[in-house]
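Below you'll find the structure, written out as C-alpha cells, and then a few comments.
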Amino acid sequence: MRRLIPDPATVDDLRAAYAVPAGRHLRVNFAASVDGAVTVDGTSKGLSSTADRELFHLLRSMADVILVGAGTVRAENYGGAREFDGHAPPIAVVTRSLNLDPSARLFTDTRVRPIVVTCAAPPDRLAVFERLADVVVAGDEDVDIARALDLLADRGLAHVLCEGGPHLFGSLAAADALDELCLSLAPVIAGGTAGRIVAGLQSPVPDEMHLEHVLEDAGHLFLRYSTGSGRAGPVHSP
Ligand SMILES: NC(=O)c1ccc[n+]([C@@H]2O[C@H](COP(=O)([O-])OP(=O)(O)OC[C@H]3O[C@@H](n4cnc5c(N)ncnc54)[C@H](OP(=O)(O)O)[C@@H]3O)[C@@H](O)[C@H]2O)c1
C-alpha cells in the first residue's frame, strides 16, 4: 500500500494511518466501482481486493462495534463477530421490520452475542430476538439513529464502524451522525442498475468533507474523509 496524498510514501503502519481520536467516533466503510456502483451482481464482493480485505479487517479490529443494515445482512448472509487481533467486536444490525432469520449466520456463527437495534415492535416479535441477541430499542416508527448511538455508547461501544449498506448510510447522514468515511474505489466499471453508497437521503447534507489521505494498491484507491463534525475532533495518528 502506498500513500499518494498528502505526501507520497510507502505505508508501513496502516493502523496508524487509520487511527481515530479517543471517545465517540462513527466511521463508515464502503467500496464502490469507478462508475459509482456499490454492488456487482448484488453484493460488494466484486469490488474487493487483497488490500481492501486487509483494510476491512483492520478497521474491524479497531472498532468497538460493527453497525450494519438489515438489507446487507440479508443480501450478503452476514456472519457474526470474528476475532481480529484478539478482539471480537459485536455486530449490531439495524432493522425496523425485524425481518431477520433467527437461523442466519449472524446469530448462529458468532464469537460474540450480536445486537439487534430496532424500534417499537410487538413484544412477542422482540422476544424471538431477545433469545438470540441483545436488543436495543431506539425510536418508534424508525430507529432514532442519535438515540441508538447513545445507547451503544452507554454500553461502552463508542467507536462504531458502519459497513453499510446504502439505506443505513442514508439514515446516518440524515441524522448528521457521520465522523468519517472510508471509501475504497475499485478499478471496475460495473454498469448495471446498482445503487450508490447512499440511498434514501432526500437532500444533501451540508457538511463539507475533508480529504485526510489517498492510498493506492493494485489500482484500488483508498480514500479517507472526515466530516469536521467537531464531535470527535480532527482525525490524527498517534
Ligand atoms: N459496496 C459496499 O461496500 C457495500 C456495503 C454494504 C452493503 N452493500 C450492498 O448494499 C445492498 C444492501 O443495501 P440496502 O441499502 O438495501 O440495505 P441496508 O442499508 O444494509 O439495510 C437497509 C435496512 O436497514 C434498516 N434500516 C436502515 N435505516 C433504518 C432506520 N433509520 N430505522 C429502522 N431501520 C433502518 C431497515 O431494515 P428492515 O428492512 O429490516 O426494516 C432497512 O430496510 C446489498 O446488495 C449489499 O451487498 C455494499
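Just so we're on the same page: first chain in the C-alpha cells is A, next is B, and so on; residues restart at 1 for each chain, and ligands are numbered from 1 in the order they show up.
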Item checked: Test item: residues at most 8 Å from Phe169 in chain A, only C-alpha atoms, excluding those fewer than 4 positions along its chain, as a ChimeraX atom specification -> /A:28,162,164-165,173,197-199
Note to self: 7 Å from ligand 1 is the threshold here; counting only C-alpha atoms and all ligand atoms, which polymer residues fall inside it? Answer as a PyMOL selection string.
What the structure shows: chain A and resi 29-32+38-39+42-44+47+68-73+75-76+94-100+118-119+142-145+163-169+171+197+199
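Closest to Ile5 in chain A among A:Val93, A:Leu149, A:Ala88, A:Ala17 is A:Ala17, based on only C-alpha atoms.
Counting only C-alpha atoms and comparing A:Leu59, A:Glu212, A:Asp12, A:Arg53, the residue that lies closest to Arg27 in chain A is A:Leu59.
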Margin query: Applying 8 Å and only C-alpha atoms, which residues near Val112 in chain A remain after dropping the ones on its own chain fewer than 5 positions away? List them as a VMD selection string.
Written below: chain A and resid 80 to 82 88 to 90
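The two atoms in question, CA of Ile66 in chain A and CA of His159 in chain A, are spaced 8.9 Å apart.
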Notebook entry, point to check: Can you list, as a PyMOL selection string, every protein, DNA or RNA residue that comes within 7 Å of Val116 in chain A when you count only C-alpha atoms, leaving out same-chain residues fewer than 3 positions away?
Noted result: chain A and resi 92-94+133-136
Residues just named, written with N, CA and C atoms as a compact mmCIF listing (two decimals), in the first residue's frame:
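Below is the file that was written, result.txt:
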# COMPACT_ATOMS: atom_id res chain seq x y z
N ALA A 92 -23.88 -5.22 15.23
CA ALA A 92 -25.18 -4.66 15.60
C ALA A 92 -25.96 -4.41 14.30
N VAL A 93 -27.08 -5.11 14.15
CA VAL A 93 -27.87 -4.98 12.93
C VAL A 93 -29.05 -4.04 13.18
N VAL A 94 -29.21 -3.08 12.26
CA VAL A 94 -30.29 -2.11 12.37
C VAL A 94 -31.47 -2.60 11.54
N ALA A 133 -29.96 -12.34 20.86
CA ALA A 133 -29.14 -11.13 20.75
C ALA A 133 -29.50 -10.17 21.87
N ASP A 134 -28.63 -9.19 22.08
CA ASP A 134 -29.01 -8.05 22.91
C ASP A 134 -29.89 -7.15 22.04
N VAL A 135 -31.05 -6.79 22.53
CA VAL A 135 -31.95 -5.97 21.72
C VAL A 135 -31.95 -4.55 22.27
N VAL A 136 -31.69 -3.60 21.38
CA VAL A 136 -31.68 -2.18 21.74
C VAL A 136 -32.85 -1.53 21.01
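Comparing the minimum interatomic distances between Lys45 in chain A and each of A:Arg15, A:Leu221, A:Ser226, A:Ala186, counting only C-alpha atoms, we find that A:Ala186 sits nearest.
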Next item on the list: Could you jot down the CA of Thr110 in chain A to CA of Arg224 in chain A separation for me, Å, one decimal place?
Entry: 29.1 Å
